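The next block is work-v8.cif, given as mmCIF, C-alpha atoms.
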```cif
data_coords
#
loop_
_atom_site.group_PDB
_atom_site.id
_atom_site.type_symbol
_atom_site.label_atom_id
_atom_site.label_comp_id
_atom_site.auth_asym_id
_atom_site.auth_seq_id
_atom_site.Cartn_x
_atom_site.Cartn_y
_atom_site.Cartn_z
ATOM 1 C CA MET A 1191 19.601 54.330 -51.327
ATOM 2 C CA ARG A 1192 19.536 56.188 -48.016
ATOM 3 C CA ASP A 1193 17.489 53.310 -46.580
ATOM 4 C CA LEU A 1194 20.434 50.933 -47.082
ATOM 5 C CA GLY A 1195 22.495 52.931 -44.612
ATOM 6 C CA VAL A 1196 19.563 53.268 -42.204
ATOM 7 C CA GLY A 1197 18.996 49.505 -42.278
ATOM 8 C CA PHE A 1198 22.662 48.878 -41.504
ATOM 9 C CA SER A 1199 22.496 51.389 -38.657
ATOM 10 C CA TYR A 1200 19.798 49.274 -36.981
ATOM 11 C CA LEU A 1201 22.148 46.300 -37.058
ATOM 12 C CA ILE A 1202 24.818 48.388 -35.330
ATOM 13 C CA LYS A 1203 22.326 49.816 -32.824
ATOM 14 C CA GLY A 1204 21.213 46.318 -31.891
ATOM 15 C CA GLN A 1205 24.777 45.223 -31.184
ATOM 16 C CA ARG A 1206 25.330 48.345 -29.109
ATOM 17 C CA TRP A 1207 22.146 47.673 -27.148
ATOM 18 C CA VAL A 1208 23.239 44.176 -26.067
ATOM 19 C CA GLY A 1209 26.717 45.572 -25.416
ATOM 20 C CA ARG A 1210 25.184 47.918 -22.851
ATOM 21 C CA HIS A 1211 23.010 45.135 -21.413
ATOM 22 C CA GLY A 1212 25.491 42.304 -20.864
ATOM 23 C CA ARG A 1213 23.016 40.092 -19.010
ATOM 24 C CA TRP A 1214 20.706 40.032 -22.024
ATOM 25 C CA PHE A 1215 23.633 39.362 -24.356
ATOM 26 C CA GLY A 1216 24.546 36.221 -22.407
ATOM 27 C CA PHE A 1217 20.885 35.239 -22.191
ATOM 28 C CA GLY A 1218 20.547 35.516 -25.974
ATOM 29 C CA LEU A 1219 23.661 33.415 -26.667
ATOM 30 C CA ILE A 1220 22.197 30.172 -25.338
ATOM 31 C CA PRO A 1221 19.924 29.204 -28.302
ATOM 32 C CA GLY A 1222 22.631 30.039 -30.859
ATOM 33 C CA LEU A 1223 25.204 27.846 -29.140
ATOM 34 C CA ILE A 1224 22.816 24.895 -29.134
ATOM 35 C CA THR A 1225 21.984 25.339 -32.827
ATOM 36 C CA LEU A 1226 25.634 25.890 -33.780
ATOM 37 C CA VAL A 1227 26.665 22.468 -32.495
ATOM 38 C CA VAL A 1228 23.957 20.776 -34.576
ATOM 39 C CA TYR A 1229 24.746 22.743 -37.753
ATOM 40 C CA ALA A 1230 28.503 22.293 -37.431
ATOM 41 C CA ALA A 1231 28.045 18.530 -37.312
ATOM 42 C CA ALA A 1232 25.746 18.644 -40.360
ATOM 43 C CA LEU A 1233 28.178 20.745 -42.433
ATOM 44 C CA VAL A 1234 31.119 18.509 -41.506
ATOM 45 C CA GLY A 1235 29.089 15.521 -42.658
ATOM 46 C CA LEU A 1236 28.230 17.316 -45.902
ATOM 47 C CA GLY A 1237 31.891 18.175 -46.442
ATOM 48 C CA TYR A 1238 32.871 14.527 -46.154
ATOM 49 C CA GLY A 1239 29.968 13.177 -48.190
ATOM 50 C CA ALA A 1240 29.482 15.730 -50.979
ATOM 51 C CA ASP A 1241 32.023 14.149 -53.344
ATOM 52 C CA ASP A 1242 30.480 10.688 -52.903
ATOM 53 C CA PHE A 1243 27.027 12.137 -53.553
ATOM 54 C CA VAL A 1244 28.219 13.856 -56.742
ATOM 55 C CA ALA A 1245 29.902 10.651 -57.962
ATOM 56 C CA TRP A 1246 26.658 8.726 -57.327
ATOM 57 C CA ALA A 1247 24.587 11.395 -59.109
ATOM 58 C CA THR A 1248 26.789 11.546 -62.240
ATOM 59 C CA PRO A 1249 27.349 7.932 -63.384
ATOM 60 C CA PHE A 1250 27.148 9.128 -67.007
ATOM 61 C CA ALA A 1251 30.550 10.795 -66.561
ATOM 62 C CA ASP A 1252 32.411 7.681 -65.339
ATOM 63 C CA GLY A 1253 33.948 7.105 -68.750
ATOM 64 C CA TRP A 1254 35.033 10.692 -69.343
ATOM 65 C CA SER A 1255 38.716 11.341 -69.857
ATOM 66 C CA SER A 1256 40.881 13.615 -67.730
ATOM 67 C CA PRO A 1257 40.605 16.490 -66.943
ATOM 68 C CA TRP A 1258 36.867 16.717 -67.758
ATOM 69 C CA LEU A 1259 35.732 14.118 -65.231
ATOM 70 C CA GLY A 1260 37.614 15.775 -62.384
ATOM 71 C CA LEU A 1261 36.580 19.275 -63.464
ATOM 72 C CA LEU A 1262 32.890 18.337 -63.580
ATOM 73 C CA ARG A 1263 32.822 16.585 -60.229
ATOM 74 C CA VAL A 1264 34.958 19.136 -58.403
ATOM 75 C CA THR A 1265 32.698 21.920 -59.690
ATOM 76 C CA LEU A 1266 29.519 20.061 -58.698
ATOM 77 C CA THR A 1267 30.951 19.171 -55.286
ATOM 78 C CA ALA A 1268 31.731 22.833 -54.652
ATOM 79 C CA LEU A 1269 28.223 23.821 -55.763
ATOM 80 C CA VAL A 1270 26.593 21.193 -53.525
ATOM 81 C CA PHE A 1271 28.557 22.424 -50.521
ATOM 82 C CA ALA A 1272 27.805 26.060 -51.437
ATOM 83 C CA LEU A 1273 24.105 25.209 -51.636
ATOM 84 C CA GLY A 1274 24.288 23.507 -48.249
ATOM 85 C CA LEU A 1275 26.058 26.527 -46.782
ATOM 86 C CA PHE A 1276 23.462 28.856 -48.332
ATOM 87 C CA LEU A 1277 20.618 26.870 -46.789
ATOM 88 C CA ALA A 1278 22.487 26.694 -43.472
ATOM 89 C CA VAL A 1279 22.804 30.487 -43.340
ATOM 90 C CA ILE A 1280 19.104 30.910 -44.097
ATOM 91 C CA THR A 1281 17.768 28.191 -41.831
ATOM 92 C CA PHE A 1282 20.183 28.865 -38.948
ATOM 93 C CA THR A 1283 18.220 31.941 -37.956
ATOM 94 C CA ALA A 1284 14.857 30.178 -38.251
ATOM 95 C CA VAL A 1285 15.985 27.164 -36.206
ATOM 96 C CA THR A 1286 17.737 29.328 -33.611
ATOM 97 C CA LEU A 1287 14.645 31.512 -33.263
ATOM 98 C CA LEU A 1288 12.488 28.420 -32.879
ATOM 99 C CA VAL A 1289 14.796 26.911 -30.260
ATOM 100 C CA GLY A 1290 15.144 30.259 -28.514
ATOM 101 C CA GLN A 1291 11.562 31.531 -28.820
ATOM 102 C CA PRO A 1292 11.156 32.239 -25.068
ATOM 103 C CA PHE A 1293 14.654 33.782 -24.896
ATOM 104 C CA TYR A 1294 14.210 36.128 -27.854
ATOM 105 C CA GLU A 1295 10.639 37.079 -26.939
ATOM 106 C CA SER A 1296 11.931 38.292 -23.582
ATOM 107 C CA LEU A 1297 14.898 40.056 -25.195
ATOM 108 C CA SER A 1298 12.679 41.785 -27.768
ATOM 109 C CA GLU A 1299 10.208 42.902 -25.103
ATOM 110 C CA GLN A 1300 13.075 44.318 -23.052
ATOM 111 C CA VAL A 1301 14.293 46.333 -26.064
ATOM 112 C CA ASP A 1302 10.781 47.730 -26.542
ATOM 113 C CA ARG A 1303 10.588 48.535 -22.853
ATOM 114 C CA SER A 1304 13.926 50.342 -22.857
ATOM 115 C CA GLU A 1305 12.894 52.459 -25.869
ATOM 116 C CA GLY A 1306 9.649 53.571 -24.243
ATOM 117 C CA GLY A 1307 6.099 53.538 -25.533
ATOM 118 C CA ASP A 1308 3.921 50.463 -25.881
ATOM 119 C CA VAL A 1309 5.359 47.011 -25.223
ATOM 120 C CA PRO A 1310 3.081 44.744 -27.300
ATOM 121 C CA GLU A 1311 2.448 41.231 -26.078
ATOM 122 C CA SER A 1312 0.978 38.439 -28.175
ATOM 123 C CA GLY A 1313 -1.118 37.066 -25.342
ATOM 124 C CA LEU A 1314 -0.695 33.567 -26.800
ATOM 125 C CA PRO A 1315 0.491 30.508 -24.878
ATOM 126 C CA LEU A 1316 4.049 29.372 -25.581
ATOM 127 C CA TRP A 1317 2.982 26.266 -27.514
ATOM 128 C CA ARG A 1318 0.881 28.436 -29.837
ATOM 129 C CA GLU A 1319 3.760 30.851 -30.453
ATOM 130 C CA LEU A 1320 6.093 27.934 -31.218
ATOM 131 C CA TRP A 1321 3.570 26.472 -33.653
ATOM 132 C CA ILE A 1322 3.153 29.798 -35.489
ATOM 133 C CA SER A 1323 6.935 30.311 -35.652
ATOM 134 C CA ALA A 1324 7.535 26.779 -36.964
ATOM 135 C CA ARG A 1325 4.751 27.088 -39.547
ATOM 136 C CA ASP A 1326 5.946 30.487 -40.785
ATOM 137 C CA SER A 1327 9.584 29.341 -40.850
ATOM 138 C CA LEU A 1328 8.592 26.365 -43.005
ATOM 139 C CA ARG A 1329 6.793 28.683 -45.422
ATOM 140 C CA ILE A 1330 9.849 30.909 -45.631
ATOM 141 C CA LEU A 1331 12.100 27.878 -46.121
ATOM 142 C CA LEU A 1332 9.967 26.733 -49.071
ATOM 143 C CA ARG A 1333 10.313 30.166 -50.658
ATOM 144 C CA VAL A 1334 14.064 30.179 -50.066
ATOM 145 C CA SER A 1335 14.401 26.661 -51.475
ATOM 146 C CA LEU A 1336 12.784 27.769 -54.721
ATOM 147 C CA TYR A 1337 15.257 30.646 -54.977
ATOM 148 C CA ALA A 1338 18.125 28.305 -54.096
ATOM 149 C CA VAL A 1339 17.234 25.820 -56.850
ATOM 150 C CA LEU A 1340 16.885 28.630 -59.397
ATOM 151 C CA LEU A 1341 20.174 30.259 -58.408
ATOM 152 C CA PHE A 1342 21.900 26.865 -58.359
ATOM 153 C CA ALA A 1343 20.816 26.303 -61.975
ATOM 154 C CA LEU A 1344 21.839 29.818 -63.013
ATOM 155 C CA GLY A 1345 25.244 29.207 -61.457
ATOM 156 C CA PHE A 1346 26.163 27.160 -64.546
ATOM 157 C CA VAL A 1347 25.702 30.174 -66.846
ATOM 158 C CA PRO A 1348 29.165 31.504 -67.801
ATOM 159 C CA VAL A 1349 30.148 34.869 -66.274
ATOM 160 C CA VAL A 1350 26.641 35.576 -64.938
ATOM 161 C CA GLY A 1351 26.792 32.498 -62.723
ATOM 162 C CA GLN A 1352 30.031 33.672 -61.131
ATOM 163 C CA THR A 1353 29.147 37.379 -60.702
ATOM 164 C CA VAL A 1354 25.453 38.301 -60.760
ATOM 165 C CA VAL A 1355 24.079 35.098 -59.230
ATOM 166 C CA PRO A 1356 26.149 35.270 -55.995
ATOM 167 C CA ALA A 1357 25.101 38.917 -55.542
ATOM 168 C CA ILE A 1358 21.429 37.988 -55.950
ATOM 169 C CA GLY A 1359 21.946 35.087 -53.553
ATOM 170 C CA PHE A 1360 23.253 37.409 -50.834
ATOM 171 C CA CYS A 1361 20.275 39.748 -51.360
ATOM 172 C CA VAL A 1362 17.856 36.814 -51.046
ATOM 173 C CA THR A 1363 19.685 35.633 -47.931
ATOM 174 C CA GLY A 1364 19.623 39.088 -46.371
ATOM 175 C CA TYR A 1365 15.963 39.721 -47.149
ATOM 176 C CA PHE A 1366 14.712 36.516 -45.560
ATOM 177 C CA LEU A 1367 17.100 36.829 -42.611
ATOM 178 C CA ALA A 1368 15.542 40.211 -41.912
ATOM 179 C CA GLU A 1369 12.069 38.698 -42.161
ATOM 180 C CA GLU A 1370 12.895 35.928 -39.695
ATOM 181 C CA LEU A 1371 14.434 38.325 -37.193
ATOM 182 C CA THR A 1372 11.791 41.050 -37.351
ATOM 183 C CA ALA A 1373 9.124 38.342 -36.972
ATOM 184 C CA VAL A 1374 9.935 38.157 -33.248
ATOM 185 C CA ALA A 1375 8.760 41.746 -32.703
ATOM 186 C CA LEU A 1376 6.154 41.880 -35.467
ATOM 187 C CA GLN A 1377 4.300 38.768 -34.306
ATOM 188 C CA ARG A 1378 3.839 40.442 -30.940
ATOM 189 C CA ARG A 1379 2.274 43.329 -32.845
ATOM 190 C CA GLY A 1380 -0.296 41.035 -34.438
ATOM 191 C CA LEU A 1381 1.183 40.836 -37.948
ATOM 192 C CA VAL A 1382 0.837 37.509 -39.743
ATOM 193 C CA LEU A 1383 3.420 36.349 -42.289
ATOM 194 C CA ALA A 1384 1.630 37.862 -45.313
ATOM 195 C CA ASP A 1385 1.433 41.268 -43.598
ATOM 196 C CA ARG A 1386 5.077 41.102 -42.589
ATOM 197 C CA LEU A 1387 6.179 40.400 -46.153
ATOM 198 C CA VAL A 1388 4.094 43.323 -47.442
ATOM 199 C CA LEU A 1389 5.670 45.561 -44.807
ATOM 200 C CA LEU A 1390 9.219 44.531 -45.716
ATOM 201 C CA ARG A 1391 8.622 44.810 -49.457
ATOM 202 C CA GLY A 1392 7.442 48.363 -48.881
ATOM 203 C CA ARG A 1393 10.885 49.211 -47.421
ATOM 204 C CA ARG A 1394 13.010 46.849 -49.484
ATOM 205 C CA MET A 1395 16.254 48.847 -49.289
ATOM 206 C CA LEU A 1396 15.889 49.252 -45.528
ATOM 207 C CA THR A 1397 15.373 45.501 -45.210
ATOM 208 C CA LEU A 1398 18.387 44.677 -47.381
ATOM 209 C CA GLY A 1399 20.557 47.201 -45.552
ATOM 210 C CA PHE A 1400 19.857 45.305 -42.346
ATOM 211 C CA GLY A 1401 19.871 41.741 -43.665
ATOM 212 C CA VAL A 1402 22.643 41.565 -46.287
ATOM 213 C CA PRO A 1403 25.551 42.592 -44.004
ATOM 214 C CA LEU A 1404 24.218 40.183 -41.401
ATOM 215 C CA GLY A 1405 24.044 37.380 -43.971
ATOM 216 C CA LEU A 1406 27.652 38.057 -44.989
ATOM 217 C CA ALA A 1407 28.756 38.072 -41.355
ATOM 218 C CA PHE A 1408 26.940 34.779 -40.740
ATOM 219 C CA LEU A 1409 29.254 33.101 -43.266
ATOM 220 C CA VAL A 1410 32.117 33.430 -40.778
ATOM 221 C CA PRO A 1411 32.143 30.468 -38.354
ATOM 222 C CA PHE A 1412 30.843 31.240 -34.856
ATOM 223 C CA VAL A 1413 30.006 34.852 -35.768
ATOM 224 C CA ALA A 1414 26.290 34.099 -36.129
ATOM 225 C CA VAL A 1415 26.067 32.903 -32.530
ATOM 226 C CA PHE A 1416 27.568 36.076 -31.104
ATOM 227 C CA LEU A 1417 25.627 38.400 -33.404
ATOM 228 C CA MET A 1418 22.216 36.808 -32.805
ATOM 229 C CA PRO A 1419 21.324 38.656 -29.567
ATOM 230 C CA GLY A 1420 22.219 41.997 -31.140
ATOM 231 C CA ALA A 1421 20.488 41.013 -34.372
ATOM 232 C CA VAL A 1422 17.239 40.358 -32.488
ATOM 233 C CA ALA A 1423 17.624 43.680 -30.654
ATOM 234 C CA GLY A 1424 18.326 45.523 -33.916
ATOM 235 C CA ALA A 1425 15.418 43.796 -35.645
ATOM 236 C CA THR A 1426 13.132 44.953 -32.831
ATOM 237 C CA LEU A 1427 14.302 48.530 -33.344
ATOM 238 C CA LEU A 1428 13.729 48.093 -37.082
ATOM 239 C CA ALA A 1429 10.240 46.714 -36.437
ATOM 240 C CA ARG A 1430 9.443 49.777 -34.331
ATOM 241 C CA ASP A 1431 10.399 51.966 -37.281
ATOM 242 C CA LEU A 1432 8.374 49.932 -39.776
ATOM 243 C CA THR A 1433 5.223 50.000 -37.647
ATOM 244 C CA ALA A 1434 5.515 53.556 -36.361
ATOM 245 C CA PRO A 1435 2.630 55.840 -37.393
ATOM 246 C CA PRO A 1436 3.641 58.422 -40.030
ATOM 247 C CA ALA A 1437 4.709 61.817 -38.815
ATOM 248 C CA ASP A 1438 2.302 64.720 -39.218
ATOM 249 C CA GLY A 1439 2.042 65.712 -42.849
ATOM 250 C CA GLU A 1440 3.940 62.648 -44.084
ATOM 251 C CA ASP A 1441 2.140 61.146 -47.070
ATOM 252 C CA VAL A 1442 2.815 57.420 -46.872
ATOM 253 C CA ALA A 1443 0.670 54.322 -47.198
ATOM 254 C CA PRO A 1444 -0.385 52.922 -43.808
ATOM 255 C CA SER A 1445 1.339 49.759 -42.635
ATOM 256 C CA PRO A 1446 -0.629 46.551 -41.973
ATOM 257 C CA TYR A 1447 0.013 47.144 -38.272
ATOM 258 C CA THR A 1448 -1.511 50.609 -38.448
ATOM 259 C CA LEU A 1449 -4.533 49.209 -40.257
ATOM 260 C CA ASN A 1450 -4.940 46.400 -37.727
ATOM 261 C CA LYS A 1451 -4.675 48.858 -34.838
ATOM 262 C CA GLY A 1452 -7.343 51.030 -36.397
#
```
How would this structure read if it were set down as structure tokens?
Amino acid sequence: MRDLGVGFSYLIKGQRWVGRHGRWFGFGLIPGLITLVVYAAALVGLGYGADDFVAWATPFADGWSSPWLGLLRVTLTALVFALGLFLAVITFTAVTLLVGQPFYESLSEQVDRSEGGDVPESGLPLWRELWISARDSLRILLRVSLYAVLLFALGFVPVVGQTVVPAIGFCVTGYFLAEELTAVALQRRGLVLADRLVLLRGRRMLTLGFGVPLGLAFLVPFVAVFLMPGAVAGATLLARDLTAPPADGEDVAPSPYTLNKG
């Protein structure tokens, strides 16, 4: 459980880092602002169209008497919008990172440089980095979509659907948010998606401690944009921890990064 607090501390440290480096904070805001405009328009459209979609998808209920017809469609409309919001929270980071790849690469490198030690560089051309990020983000999105469909179905289970399922949903959101954010620093260290997932699973509580509070904060409008620079900085600090060689006498399994370096 200690790792939960440590993971959260990296989120705070990242925000403090950009607070001390105002130029990099402003630099890191640009991709989030661009993505926010696009997502806000999409969610407004979903808000206006969700009830029509539900009515189209449930023609079998047209003859139901009140209040069952209204109860069914209001519940489904809320679930459709909740699903859209869930996917928006997850994909916002991926899309923002894709849009802001050059911005966040520079920010992450600067964090590494300020902390001392090696400053890994991918050595890949920008187009190649964008392709890898887009491909990996699509793979993550497919995984998240499977979880989203499963949790959406479980949401109809009485009691469990209103208590346990939302908690699991936030954990899923936080875990994959952490993966997307640490990918900026871990890709520069030569870790492919499979290695990154192994690394994060090995420190699951640390990952959730970083990602879940961030996922909750991202539910508040505009907050995601202003937290993104610090989130990238914090994720870089977290990546440094995950890939650091074990201390003398520490009996832990080597990370994929350590193996690759060897």
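Our summary of the geometry notes that atom CA of Gly1420 of chain A is positioned 25.4 Å from atom CA of Pro1315 of chain A.
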Among the residues A:Ala1230, A:Leu1341, A:Ala1423, A:Leu1387, the one that comes closest to Phe1360 of chain A [using all atoms listed in the file]
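The closest residue to Phe1360 of chain A is A:Leu1341.
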Å distance separating atom CA of Pro1356 of chain A from atom CA of Leu1371 of chain A, one decimal place:
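So the two atoms, atom CA of Pro1356 of chain A and atom CA of Leu1371 of chain A, lie 22.4 Å apart.
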Mind telling me what the PyMOL selection byres ((chain A and resi 1267) around 10) catches here, as a PyMOL selection string?
chain A and resi 1236-1237+1239-1245+1261-1266+1268-1273
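The nearest approach to Val1362 of chain A among the residues A:Leu1398, A:Val1309, A:Val1413, A:Val1349, with all atoms listed in the file taken into account, belongs to A:Leu1398.
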Please return, as a list of chain:residue names, all polymer residues that have at least one atom within 10 Å of the point (7.3, 43.9, -26.2); use only C-alpha atoms and the file's own coordinate frame.
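Those within range, by chain then number, are A:Glu1295, A:Ser1296, A:Leu1297, A:Ser1298, A:Glu1299, A:Gln1300, A:Val1301, A:Asp1302, A:Arg1303, A:Ser1304, A:Gly1307, A:Asp1308, A:Val1309, A:Pro1310, A:Glu1311, A:Ser1312, A:Val1374, A:Ala1375, A:Leu1376, A:Arg1378, A:Arg1379, A:Thr1426.
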For a quick check of understanding, using only C-alpha atoms, which of A:Phe1276, A:Phe1342, A:Phe1293, A:Phe1250 has the smallest distance to Cys1361 of chain A?
A:Phe1276
